[in-house]
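Below is the file data.txt, which contains compact mmCIF, C-alpha atoms and all ligand atoms.
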```txt
# COMPACT_ATOMS: atom_id res chain seq x y z
CA MET A 78 12.03 1.88 -0.34
CA LEU A 79 10.17 4.39 1.76
CA GLU A 80 6.66 3.95 3.05
CA PHE A 81 4.88 7.08 4.21
CA GLY A 82 2.43 6.12 6.96
CA CYS A 83 3.05 2.42 7.48
CA GLY A 84 0.15 1.91 9.90
CA TYR A 85 0.12 -1.67 11.16
CA GLY A 86 2.52 -2.78 8.43
CA THR A 87 -0.15 -4.29 6.19
CA PHE A 88 1.86 -3.40 3.10
CA THR A 89 5.29 -3.05 4.68
CA LEU A 90 5.89 -6.75 5.18
CA PRO A 91 4.78 -7.96 1.74
CA ALA A 92 6.87 -5.17 0.17
CA ALA A 93 9.94 -6.05 2.25
CA ARG A 94 9.70 -9.68 1.14
CA ARG A 95 9.96 -8.58 -2.48
CA VAL A 96 13.09 -6.42 -2.22
CA GLN A 97 16.65 -7.03 -1.13
CA GLY A 98 17.26 -3.45 0.00
CA ARG A 99 16.08 -1.55 3.04
CA VAL A 100 12.47 -0.56 3.62
CA TYR A 101 12.01 2.61 5.68
CA ALA A 102 8.57 2.54 7.27
CA LEU A 103 7.55 5.83 8.86
CA ASP A 104 4.54 6.76 10.93
CA ILE A 105 3.65 9.53 13.34
CA GLU A 106 2.11 7.02 15.77
CA PRO A 107 4.54 4.97 17.88
CA GLU A 108 1.86 2.30 18.23
CA MET A 109 1.94 1.80 14.47
CA THR A 110 5.70 1.60 14.10
CA CYS A 111 5.89 -0.76 17.11
CA ALA A 112 3.29 -3.05 15.57
CA THR A 113 5.11 -3.03 12.24
CA ALA A 114 8.50 -3.66 13.86
CA ALA A 115 7.06 -6.54 15.92
CA LYS A 116 5.56 -8.15 12.83
CA ALA A 117 8.87 -7.72 10.98
CA ARG A 118 10.73 -9.43 13.85
CA GLU A 119 8.25 -12.29 13.97
CA ALA A 120 8.58 -12.74 10.22
CA GLY A 121 12.38 -12.64 10.38
CA LEU A 122 12.53 -9.62 8.04
CA ALA A 123 15.71 -7.73 8.87
CA ASN A 124 15.38 -5.17 6.08
CA ILE A 125 12.57 -3.12 7.64
CA GLU A 126 13.60 0.01 9.54
CA THR A 127 10.72 1.74 11.29
CA GLY A 128 10.76 5.37 12.41
CA VAL A 129 8.37 7.55 14.40
CA ARG A 130 8.17 10.79 12.47
CA ASP A 131 5.76 13.49 11.39
CA PHE A 132 6.84 13.65 7.77
CA LEU A 133 4.54 16.56 7.01
CA ALA A 134 6.06 18.74 9.71
CA HIS A 135 9.66 17.54 9.45
CA GLY A 136 10.02 15.66 6.18
CA SER A 137 11.00 12.02 5.94
CA GLY A 138 14.62 12.56 6.99
CA ARG A 139 15.90 10.63 3.98
CA PRO A 140 18.48 12.29 1.70
CA ASP A 141 17.58 13.78 -1.67
CA ARG A 142 17.42 11.25 -4.53
CA SER A 143 18.12 8.25 -2.30
CA ILE A 144 14.99 6.09 -2.70
CA ASP A 145 13.98 3.72 -5.51
CA TYR A 146 10.32 3.31 -4.61
CA ALA A 147 7.98 5.32 -2.38
CA MET A 148 4.60 4.15 -1.12
CA LEU A 149 1.68 6.47 -0.43
CA PHE A 150 -0.94 3.94 0.51
CA ASN A 151 -4.25 5.16 1.93
CA ILE A 152 -2.83 8.47 3.01
CA LEU A 153 -3.51 11.10 0.35
CA HIS A 154 -6.78 12.14 1.99
CA ILE A 155 -4.66 14.25 4.37
CA GLU A 156 -5.03 18.02 4.31
CA GLN A 157 -1.69 18.67 2.60
CA PRO A 158 -1.34 16.08 -0.17
CA ALA A 159 0.89 18.42 -2.20
CA ALA A 160 3.45 18.69 0.62
CA LEU A 161 3.61 14.91 0.90
CA LEU A 162 3.98 14.45 -2.85
CA ASN A 163 6.75 17.06 -2.91
CA GLU A 164 8.58 15.17 -0.18
CA ALA A 165 8.19 11.87 -2.06
CA TYR A 166 9.57 13.57 -5.17
CA ARG A 167 12.55 14.98 -3.27
CA VAL A 168 13.69 11.63 -1.89
CA LEU A 169 13.14 9.55 -5.03
CA LYS A 170 16.01 8.95 -7.42
CA PRO A 171 15.40 10.04 -11.01
CA GLY A 172 13.54 7.09 -12.53
CA GLY A 173 12.25 6.11 -9.09
CA LYS A 174 8.64 5.05 -8.81
CA LEU A 175 5.81 6.22 -6.61
CA GLY A 176 2.98 3.82 -5.76
CA VAL A 177 -0.36 5.25 -4.68
CA ILE A 178 -3.27 3.21 -3.38
CA HIS A 179 -6.47 4.58 -1.98
CA TRP A 180 -9.96 3.51 -1.00
CA ARG A 181 -12.49 3.99 -3.75
CA ARG A 182 -14.73 6.97 -3.38
CA ASN A 183 -17.72 5.57 -5.20
CA ARG A 184 -18.59 2.82 -2.75
CA PRO A 185 -18.77 2.35 0.99
CA THR A 186 -16.03 0.10 2.37
CA PRO A 187 -15.70 -1.69 5.71
CA ARG A 188 -12.90 0.69 6.74
CA GLY A 189 -11.39 3.93 5.51
CA PRO A 190 -12.09 7.66 5.78
CA SER A 191 -15.48 9.18 4.95
CA LEU A 192 -16.34 9.08 1.27
CA GLU A 193 -16.29 12.89 0.94
CA ILE A 194 -12.60 13.23 1.76
CA ARG A 195 -11.34 10.32 -0.36
CA PRO A 196 -9.37 11.58 -3.36
CA THR A 197 -9.98 9.97 -6.72
CA LEU A 198 -7.29 8.35 -8.85
CA GLU A 199 -7.52 11.29 -11.28
CA GLN A 200 -7.04 13.84 -8.48
CA CYS A 201 -4.01 12.00 -7.13
CA ARG A 202 -2.55 11.65 -10.62
CA ASP A 203 -2.97 15.39 -11.22
CA TRP A 204 -1.53 16.31 -7.81
CA ALA A 205 1.45 14.05 -8.48
CA LYS A 206 1.96 15.60 -11.92
CA ALA A 207 1.93 19.05 -10.28
CA ALA A 208 4.72 17.83 -7.99
CA GLY A 209 6.77 16.84 -11.06
CA PHE A 210 5.88 13.16 -11.50
CA GLU A 211 5.07 11.45 -14.79
CA PHE A 212 2.14 9.10 -15.11
CA VAL A 213 3.17 5.45 -15.61
CA ARG A 214 -0.05 3.47 -15.27
CA SER A 215 -3.15 2.89 -13.22
CA GLU A 216 -3.16 -0.50 -11.55
CA GLU A 217 -6.08 -2.86 -11.53
CA LEU A 218 -6.07 -4.33 -8.03
CA CYS A 219 -7.76 -7.61 -8.77
CA CYS A 220 -7.24 -8.73 -5.17
CA CYS A 221 -9.32 -5.89 -3.77
CA SER A 222 -12.44 -4.20 -5.03
CA TRP A 223 -12.25 -1.42 -2.43
CA HIS A 224 -9.07 0.25 -3.65
CA TRP A 225 -7.55 1.69 -6.81
CA GLY A 226 -3.84 1.85 -7.61
CA LEU A 227 -1.60 4.26 -9.47
CA VAL A 228 2.08 4.24 -10.46
CA MET A 229 3.96 7.49 -11.11
CA ARG A 230 7.63 8.09 -11.87
CA ARG A 231 10.12 10.80 -11.04
CA PRO A 232 11.66 11.81 -14.41
C1 LIG A 301 -5.01 5.32 6.97
S1 LIG A 301 -3.48 4.82 7.62
C2 LIG A 301 -2.77 3.84 6.31
C3 LIG A 301 -1.72 2.90 6.81
C4 LIG A 301 -1.09 2.00 5.73
N1 LIG A 301 -0.43 2.80 4.71
C5 LIG A 301 -2.13 1.12 5.12
O1 LIG A 301 -2.59 1.40 4.00
O2 LIG A 301 -2.51 0.12 5.75
C6 LIG A 301 -2.50 6.32 7.50
C7 LIG A 301 -1.27 6.28 8.39
O3 LIG A 301 -0.51 7.47 8.17
C8 LIG A 301 -0.08 7.97 9.40
N2 LIG A 301 0.12 9.41 9.27
C9 LIG A 301 -0.82 10.34 9.01
N3 LIG A 301 -0.27 11.57 8.97
C10 LIG A 301 1.06 11.41 9.22
C11 LIG A 301 2.16 12.31 9.32
N4 LIG A 301 2.00 13.63 9.17
N5 LIG A 301 3.39 11.81 9.57
C12 LIG A 301 3.55 10.45 9.73
N6 LIG A 301 2.53 9.56 9.65
C13 LIG A 301 1.31 10.02 9.40
C14 LIG A 301 -1.18 7.59 10.39
O4 LIG A 301 -0.72 7.53 11.73
C15 LIG A 301 -1.64 6.23 9.86
O5 LIG A 301 -0.97 5.16 10.48
```

What is this file in structure tokens?
Amino acid sequence: MLEFGCGYGTFTLPAARRVQGRVYALDIEPEMTCATAAKAREAGLANIETGVRDFLAHGSGRPDRSIDYAMLFNILHIEQPAALLNEAYRVLKPGGKLGVIHWRRNRPTPRGPSLEIRPTLEQCRDWAKAAGFEFVRSEELCCCSWHWGLVMRRP
């Protein structure tokens, strides 16, 4: 798996517990990757590999068609969403899935970017389609009323 922008590892650890393979967790901020790596150590999760990397400037560094699942969680409000989606497409194997989560735009939330720059589920779905992905489903996140979820697939 590959997580673009792992932050403090909020999603990295639960994801790593669910898979047997390696989880690559990238972030441009060393503070974020250090926090994620420390949490992984504390939790005894040996399958998380963190990396400090600007994946917009330099790509993710993973080979073409090498990843089963890519996570774009709370990151598609960046200025170049298409570049990030193209990179996710490049690294995913055919049949590989892309998970997208983002803060809802229609309600204030305790954290998250300003409402104006939050993309909607429909925007992200259309951007992902433009990058070559197929729509799989939108995901009802019953655990959280502040976010929506989307699953896409590389054909
Ligand atoms: C809003 S946080 C979301 C973190 C995590 N995905 C979550 O949902 O808890 C976005 C993260 O992406 C990272 N990020 C933003 N642009 C990046 C880039 N070009 N390359 C690598 N990481 C980046 C930020 O440092 C930040 O940790």

Contact check, segment 188-224 of chain A to segment 228-231 of chain A, at most 8 Å, counting all atoms listed in the file, closest pairs as a Markdown table:
```
| residue | atom | partner | partner_atom | distance |
| --- | --- | --- | --- | --- |
| A:Arg202 | CA | A:Met229 | CA | 7.7 |
| A:Ala205 | CA | A:Met229 | CA | 7.5 |
| A:Gly209 | CA | A:Arg231 | CA | 6.9 |
| A:Phe210 | CA | A:Arg231 | CA | 4.9 |
| A:Glu211 | CA | A:Arg230 | CA | 5.1 |
| A:Phe212 | CA | A:Met229 | CA | 4.7 |
| A:Val213 | CA | A:Met229 | CA | 5.0 |
| A:Arg214 | CA | A:Val228 | CA | 5.3 |
| A:Ser215 | CA | A:Val228 | CA | 6.1 |
| A:Glu216 | CA | A:Val228 | CA | 7.1 |
```

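Taking atom N5 of ligand LIG 301 (chain A) and atom CA of Asp104 of chain A as endpoints, the distance between them is 5.4 Å.
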
* Within 8 Å of ligand LIG 301 (chain A) (only C-alpha atoms and all ligand atoms), residues as a PyMOL selection string -> chain A and resi 80-88+103-106+109+129-134+148-152+155+178-179+189-190

Could you give me the centre and size, in Å to one decimal, of an axis-aligned box around all listed atoms of segment 157-173 of chain A with 4 Å added on every side, as AutoDock Vina command-line options?
```
--center_x 7.2 --center_y 12.4 --center_z -5.0 --size_x 25.7 --size_y 20.6 --size_z 23.1
```

* Asked: Do you have the atom CA of Ser137 of chain A-atom CA of Arg188 of chain A distance handy?
  -> 26.5 Å

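If all atoms listed in the file are the atoms counted, then among A:Leu198, A:Ala117, A:Ala147, A:Arg182 the closest residue to Leu162 of chain A is A:Ala147.
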
* Close residues, Thr127 of chain A itself excluded, 8 Å, all atoms listed in the file, min 2 positions apart in chain, as a PyMOL selection string -> chain A and resi 101-104+110-111+113-114+125+129

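Separating atom CA of Glu119 of chain A from atom CA of Ala92 of chain A is a distance of 15.6 Å.
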
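Ranking A:Gly128, A:Pro107, A:Gly226, A:Pro196 by their shortest atom-to-atom distance to Glu156 of chain A, with all atoms listed in the file included, puts A:Pro196 first.
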
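In terms of minimum interatomic distance to Pro185 of chain A, A:Trp223 ranks closest within A:Glu108, A:Arg118, A:Trp223, A:Asp145, counting only C-alpha atoms.
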
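Of the listed residues A:Ala93, A:Val168, A:Lys206, A:His154, the one whose atoms come nearest to Glu193 of chain A is A:His154, with distances taken using only C-alpha atoms.
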
* Around (-13.2, -3.8, -5.4) in the file's own coordinates, what residues are found within 12 Å if you use only C-alpha atoms, given back as an MDAnalysis selection string? -> chainID A and resid 179:187 217:226

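Nearest to Met78 of chain A of all the residues A:Val100, A:Cys201, A:Leu227, A:Val177 is A:Val100, based on all atoms listed in the file.
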
* **Of the listed residues A:Leu192, A:Ala123, A:Glu199, A:Gly138, that which approaches Arg167 of chain A most closely, counting only C-alpha atoms** => A:Gly138
